[in-house]
Amino acid sequence: MRSFLTKVGAFLWRDLLTDLSYRFAFFLQLGGMIFSVAVFYFASRMVDPATAGLEGIAPFPWLLVGIGFQIYFSTALYSFSAKVRNEQVLGTLEAMLVSPTPTSIVLFSSTAWDFTWGALRLLVYLLVAVLVFDVKLHVESPVALFLGIALTLLSSAGIGLISASFILFFKRGDPVNFLLTMGTTFFGNVVFPSKVLPPAIAWVSDFVPMSWSLHVVRGTLLQGAGLADVSSQIVRLAVLTAVLVPAGLLAAKVAIQRAKQEGSLVQY
Amino acid sequence: MDYAIEGFQLAKSFAKKRSLKELVTRPFARPERVEALRGVDLHVNRGEIFGLLGPNGAGKTTLVKILSCLVLPDRGRAVVGGSDVRKENEVKPKIGLVHSDERSFYWRLSGRENLAFFARLYDVPGRRIAGRIAALLERVDLVDAADRRFSDYSSGMKQRLAIARALLHDPPILLMDEPTRSLDPESSLALRAFILEELKGRDGKTILLATHNLREAETLCDRLAILVSGTIRQVGTVSQLRRWGMSERQVRLEVSHWHEGIAGPFKTVSVERIDGVHRVTVALDGDGRLNDLLAAVMAQGAVIHACDRVESNLEEAFARLLREEKAKVTA
């Protein structure tokens with residue numbers, strides 16, 4: 001475990017140093033986040049607070065939490081495949097894979113910075129919303145909030161691993177993520193409530209995991225909901241995690257083995 | 001015998017890239033395969049520099065990748081440091097890979113930062129990392145450039161950093177894939193001296209060196225294998241390989257005078273006159289003995305100043321082998 005954490009630390013330090021070497025872009029991103037929060041605030045002022053599906057939450061915090069958390073959760077979706085591809089293109093993947101560190105640890109640790117940076121971005125979003133735009137957060141059950149976030153990240157990571165397996169195998173094309181992002185943004189209660197959709201397709205939203213995740217996060221963060229209030233969504237997320245994480249690990253194992261067999265592990 | 005690296009009937013083929021036309025017209029057809037290795041047997045002794053010499057596309061890099069656990073063989077078995085390459089947890093701590101790809105480092109990080117990152121991956125204990133990196137930087141003469149960005153390094157410096165990385169965990173076996181490919185002559189010479197004096201001489205590492213540079217192979221390697229079209233055609237010491245394929249033994253004499261018939265039954269191959277001395281190459285074919293040749297020449301009153309065996313150089317032997325291979329393919 002200690003060795004694993006040490007390696008995660010090495011990846012974090014590497015990526016922090018790399019990001020800091022692009023100082024202008026680094027601070028520009030921070031500035032951009034603050035600006036985006038302001039855009040969400042003024043855009044949400046166009047929305048009628050009585051819109052169906054907002055569940056009594058003001059449009060601005062509803063939108064902010066939806067978009068902020070979707071961006072964070074999508075880190076788990078995209079980071080694995082993006083990192084694999086990036087290391088392939090940089091030419092550093094081979095140097096890492098020839099080291100005694102198992103490929104699975106290389107894969108996981110590579111994404112550590114993306115998760116950390118994503119969490120920091122989310123924190124900045126929330127801080128700006130609280131400090132500048134007077135959003136009130138009511139976290140009554142940190143456990144429920146933590147479970148909601150952790151299970152969403154894990155289940156997304158499962159899909160992310162399947163997606164990275166596509167990259168390892170087909171080198172390009174990422175159909176898993178493409179379809180998921182489209183579906184999630186449309187049906188996941190991210191930017192607008194699914195209740196504003198035509199009834200013929202609105203039901204799809206009940207089967208989209210992002211809807212469950214955002215229900216938990218909005219409830220626990222903005223409405224003071226407890227574990228019991230969001231237990232049904234948490235159970236669903238737990239089941240999803242139990243299926244997707246092993247599936248993702250299996251897909252990655254098979255893809256790595258096949259890529260080694262085909263000799264295409266470091267090709268892009 | 002206890003070998004550092006062994007290969008038994010290693011075979012590997014890769015799917016051939018298909019053209020757009022093929023992809024459209026026969027999307028589900030099995031792609032053709034190109035054989036990169038065809039039953040390679042290999043035995044590398046501990047502590048030797050073993051050269052893998054071959055033209056581009058001979059299968060050298062594929063073999064190195066199999067030995068470094070990056071590619072799995074289709075058939076056959078490879079054992080590195082006593083462990084099968086399929087057990088990569090056992091093999092990887094025993095090997096260091098140095099290849100010619102300059103892109104294998106993070107260009108925005110300094111040399112020291114790059115090494116610190118890889119030291120973690122190579123399981124160097126945290127408290128030993130700084131000291132190990134400092135020692136390696138000194139050995140590869142990069143102390144002054146240690147905190148400069150990798151992108152500012154010259155090709156020679158990049159290659160030296162690659163060697164430092166491969167040595168981080170002090171592996172007994174080094175796999176080097178054309179380490180001097182992108183270097184200028186001066187840097188190549190310095191790197192060869194480092195490999196010979198430091199890595200082999202001081203550290204006693206076993207080194208498998210894949211190269212198509214004959215001069216490099218000749219200078220560095222204790223033994224060589226010539227790999228052509230995925231098959232090892234010859235294995236031996238440099239002098240054995242130089243002689244390989246020569247149809248006759250030849251000697252070079254430096255004598256006071258020379259005329260036709262002076263060598264008796266022996267065939268004169270060439271005669272040069274330099275500063276009053278005749279330099280003559282004579283073929284000792286069949287049962288011809290050197291003693292008989294010298295006796296014949298001396299009997300004619302010539303004074304022999306020097307006598308050497310003529311050896312074919314590696315280049316000639318290699319070219320001969322490629323010619324043979326080409327003739328075989330044509331046939």
# chains A, B, ... in the order shown; residues from 1 in each chain; ligands from 1
$ closest_atom_pairs --of "chain A" --to "chain B" --cutoff "6 Å" --atoms "only C-alpha atoms" --output "tab-separated table"
residue	atom	partner	partner_atom	distance
A:Lys7	CA	B:Arg120	CA	6.0
A:Ala10	CA	B:Phe117	CA	5.7
A:Thr18	CA	B:Arg108	CA	6.0
A:Gly91	CA	B:Ser104	CA	4.9
A:Thr92	CA	B:Ser104	CA	4.3
A:Ser99	CA	B:Tyr122	CA	5.5
A:Pro100	CA	B:Lys92	CA	5.0
A:Thr101	CA	B:Leu121	CA	5.5
A:Lys260	CA	B:Val71	CA	4.6
A:Gln261	CA	B:Leu72	CA	5.0
A:Gly263	CA	B:Val71	CA	5.1
$ write_last_selection --atoms "N, CA and C atoms" --output "CSV table (one decimal), in the first residue's frame"
chain,number,residue,atom,x,y,z
A,7,LYS,N,4.0,5.8,-5.3
A,7,LYS,CA,3.9,5.9,-6.8
A,7,LYS,C,2.9,6.9,-7.2
A,10,ALA,N,4.4,10.2,-6.8
A,10,ALA,CA,5.4,10.5,-7.9
A,10,ALA,C,4.6,11.1,-9.1
A,18,THR,N,4.7,19.6,-14.3
A,18,THR,CA,4.5,19.9,-15.7
A,18,THR,C,3.5,21.0,-15.9
A,91,GLY,N,5.6,9.2,-26.0
A,91,GLY,CA,6.7,8.2,-26.1
A,91,GLY,C,7.2,7.7,-24.8
A,92,THR,N,6.5,8.1,-23.7
A,92,THR,CA,6.9,7.7,-22.3
A,92,THR,C,6.3,6.5,-21.8
A,99,SER,N,9.4,-0.6,-16.5
A,99,SER,CA,9.8,-0.6,-15.0
A,99,SER,C,9.0,-1.7,-14.3
A,100,PRO,N,9.5,-2.0,-13.1
A,100,PRO,CA,8.8,-3.1,-12.3
A,100,PRO,C,7.4,-2.7,-11.8
A,101,THR,N,6.9,-1.5,-12.0
A,101,THR,CA,5.6,-1.1,-11.6
A,101,THR,C,4.5,-1.7,-12.5
A,260,LYS,N,0.0,-6.5,-26.0
A,260,LYS,CA,1.4,-7.1,-25.9
A,260,LYS,C,1.5,-8.2,-26.9
A,261,GLN,N,0.5,-8.9,-27.1
A,261,GLN,CA,0.5,-10.0,-28.1
A,261,GLN,C,0.7,-9.4,-29.5
A,263,GLY,N,1.9,-6.6,-30.1
A,263,GLY,CA,3.1,-5.7,-30.2
A,263,GLY,C,2.7,-4.2,-30.4
$ residues_around --residues "Asp2 (chain B)" --least-positions-apart "4" --cutoff "9 Å" --atoms "only C-alpha atoms" --output "PyMOL selection string"
chain B and resi 45-46+82
$ residues_around --residues "Ala193 (chain B)" --least-positions-apart "6" --cutoff "12 Å" --atoms "only C-alpha atoms" --output "list in words"
Val140, Thr180, Glu186, Ser187, Leu199, Lys200, Gly201, Arg202, Glu216, Thr219 and Leu220 of chain B
$ closest_residue --among "A:Phe108, A:Tyr125, A:Phe170, A:Phe133" --to "Ala255 (chain A)" --atoms "only C-alpha atoms"
A:Phe170
$ residues_around --residues "Val245 (chain A)" --least-positions-apart "6" --cutoff "9 Å" --atoms "only C-alpha atoms" --output "list in words"
Leu154, Ser155, Ser156, Ala157, Gly158, Ile159 and Leu161 of chain A
$ write_last_selection --atoms "C-alpha atoms" --output "PDB file, in the first residue's frame"
ATOM      1  CA  LEU A 154     -15.707   4.480  -9.113  1.00  0.00           C
ATOM      2  CA  SER A 155     -18.455   3.459 -11.508  1.00  0.00           C
ATOM      3  CA  SER A 156     -17.298   6.113 -13.983  1.00  0.00           C
ATOM      4  CA  ALA A 157     -13.743   4.836 -13.560  1.00  0.00           C
ATOM      5  CA  GLY A 158     -15.007   1.392 -14.551  1.00  0.00           C
ATOM      6  CA  ILE A 159     -16.329   2.856 -17.792  1.00  0.00           C
ATOM      7  CA  LEU A 161     -11.082   1.738 -17.965  1.00  0.00           C
TER       8      LEU A 161
END
$ atom_distance --atom1 "CA of Leu174 (chain B)" --atom2 "CA of Leu37 (chain B)"
21.0 Å
$ closest_residue --among "A:Phe4, A:Phe11, A:Phe146, A:Tyr41" --to "Asp114 (chain A)" --atoms "only C-alpha atoms"
A:Phe11
$ select_by_dssp --residues "region 23-271 of chain B" --states "alpha helix (DSSP H)" --output "number ranges by chain"
B: 23-25, 60-67, 88-91, 111-121, 126-139, 155-166, 185-193, 214-220, 238-243
$ residues_around --residues "Arg18 (chain B)" --least-positions-apart "6" --cutoff "10 Å" --atoms "only C-alpha atoms" --output "compact mmCIF listing (two decimals) with C-alpha atoms, in the first residue's frame"
# COMPACT_ATOMS: atom_id res chain seq x y z
CA VAL B 24 -13.44 -1.12 -47.51
CA ARG B 26 -12.64 -6.85 -47.37
CA PRO B 27 -13.42 -5.42 -43.93
CA ARG B 30 -7.84 -11.59 -41.66
CA PRO B 31 -4.92 -9.21 -42.12
CA GLU B 32 -1.73 -10.63 -43.59
$ residues_around --residues "Ile256 (chain A)" --least-positions-apart "2" --cutoff "9 Å" --atoms "only C-alpha atoms" --output "ChimeraX atom specification"
/A:103,165,168-169,251-254,258-261,265
$ write_last_selection --atoms "N, CA and C atoms" --output "compact mmCIF listing (two decimals), in the first residue's frame"
# COMPACT_ATOMS: atom_id res chain seq x y z
N THR A 103 1.37 -2.58 -14.73
CA THR A 103 0.67 -1.72 -15.67
C THR A 103 -0.59 -1.11 -15.05
N SER A 165 -9.28 0.79 -22.58
CA SER A 165 -9.00 -0.48 -23.25
C SER A 165 -9.21 -0.34 -24.76
N LEU A 168 -6.16 1.33 -26.04
CA LEU A 168 -5.02 0.41 -26.11
C LEU A 168 -5.14 -0.53 -27.29
N PHE A 169 -6.36 -0.88 -27.58
CA PHE A 169 -6.57 -1.88 -28.62
C PHE A 169 -6.73 -1.26 -30.01
N ALA A 251 -11.47 -5.60 -18.66
CA ALA A 251 -11.26 -5.07 -20.02
C ALA A 251 -9.83 -4.57 -20.18
N ALA A 252 -9.34 -3.86 -19.14
CA ALA A 252 -7.97 -3.32 -19.22
C ALA A 252 -6.96 -4.46 -19.28
N LYS A 253 -7.19 -5.50 -18.47
CA LYS A 253 -6.25 -6.63 -18.45
C LYS A 253 -6.21 -7.32 -19.82
N VAL A 254 -7.40 -7.55 -20.38
CA VAL A 254 -7.47 -8.21 -21.69
C VAL A 254 -6.81 -7.33 -22.76
N ARG A 258 -3.66 -8.30 -25.02
CA ARG A 258 -3.79 -8.35 -26.48
C ARG A 258 -2.79 -7.40 -27.15
N ALA A 259 -2.64 -6.21 -26.54
CA ALA A 259 -1.71 -5.24 -27.13
C ALA A 259 -0.28 -5.77 -27.06
N LYS A 260 0.04 -6.47 -25.98
CA LYS A 260 1.38 -7.06 -25.88
C LYS A 260 1.55 -8.16 -26.91
N GLN A 261 0.49 -8.91 -27.10
CA GLN A 261 0.53 -9.99 -28.08
C GLN A 261 0.68 -9.42 -29.49
N LEU A 265 1.45 -2.14 -27.92
CA LEU A 265 1.21 -1.48 -26.64
C LEU A 265 1.56 0.00 -26.65
$ residues_around --residues "Leu151 (chain A)" --least-positions-apart "2" --cutoff "9 Å" --atoms "only C-alpha atoms" --output "list in words"
Phe146, Leu147, Gly148, Ile149, Leu153, Leu154, Ser155, Ser156, Ser213, Ile234, Leu237, Ala238, Leu240 and Thr241 of chain A
$ write_last_selection --atoms "C-alpha atoms" --output "tab-separated table (two decimals), in the first residue's frame"
chain	number	residue	atom	x	y	z
A	146	PHE	CA	-19.07	11.11	0.23
A	147	LEU	CA	-20.75	7.85	-0.81
A	148	GLY	CA	-22.51	9.56	-3.69
A	149	ILE	CA	-19.31	11.10	-4.99
A	153	LEU	CA	-16.30	8.23	-9.45
A	154	LEU	CA	-15.71	4.48	-9.11
A	155	SER	CA	-18.45	3.46	-11.51
A	156	SER	CA	-17.30	6.11	-13.98
A	213	SER	CA	-25.50	10.92	-8.70
A	234	ILE	CA	-26.80	5.17	-3.43
A	237	LEU	CA	-24.78	3.46	-7.67
A	238	ALA	CA	-23.24	0.74	-5.49
A	240	LEU	CA	-23.40	-0.18	-10.78
A	241	THR	CA	-19.95	0.16	-9.20
$ select_by_dssp --residues "region 105-176 of chain B" --states "strand (DSSP E or B)" --output "PyMOL selection string"
chain B and resi 110+149+173-176
$ write_last_selection --atoms "N, CA and C atoms" --output "PDB file, in the first residue's frame"
ATOM      1  N   SER B 110      13.144  18.685 -15.575  1.00  0.00           N
ATOM      2  CA  SER B 110      14.613  18.643 -15.667  1.00  0.00           C
ATOM      3  C   SER B 110      15.077  17.182 -15.669  1.00  0.00           C
ATOM      4  N   ARG B 149      16.034  21.844 -18.115  1.00  0.00           N
ATOM      5  CA  ARG B 149      14.933  21.083 -18.710  1.00  0.00           C
ATOM      6  C   ARG B 149      15.465  20.057 -19.708  1.00  0.00           C
ATOM      7  N   ILE B 173      21.310  -6.696 -15.885  1.00  0.00           N
ATOM      8  CA  ILE B 173      21.240  -6.848 -17.347  1.00  0.00           C
ATOM      9  C   ILE B 173      20.760  -5.553 -17.989  1.00  0.00           C
ATOM     10  N   LEU B 174      21.478  -5.139 -19.024  1.00  0.00           N
ATOM     11  CA  LEU B 174      21.041  -3.947 -19.770  1.00  0.00           C
ATOM     12  C   LEU B 174      20.703  -4.356 -21.200  1.00  0.00           C
ATOM     13  N   LEU B 175      19.551  -3.879 -21.666  1.00  0.00           N
ATOM     14  CA  LEU B 175      19.160  -4.114 -23.053  1.00  0.00           C
ATOM     15  C   LEU B 175      19.257  -2.778 -23.769  1.00  0.00           C
ATOM     16  N   MET B 176      20.111  -2.714 -24.764  1.00  0.00           N
ATOM     17  CA  MET B 176      20.334  -1.433 -25.445  1.00  0.00           C
ATOM     18  C   MET B 176      19.933  -1.552 -26.902  1.00  0.00           C
TER      19      MET B 176
END
$ closest_residue --among "B:Val34, B:Ala217, B:Leu224, B:Val297" --to "Lys17 (chain B)" --atoms "only C-alpha atoms"
B:Val34
$ atom_distance --atom1 "CA of Val64 (chain B)" --atom2 "CA of Leu52 (chain B)"
9.4 Å
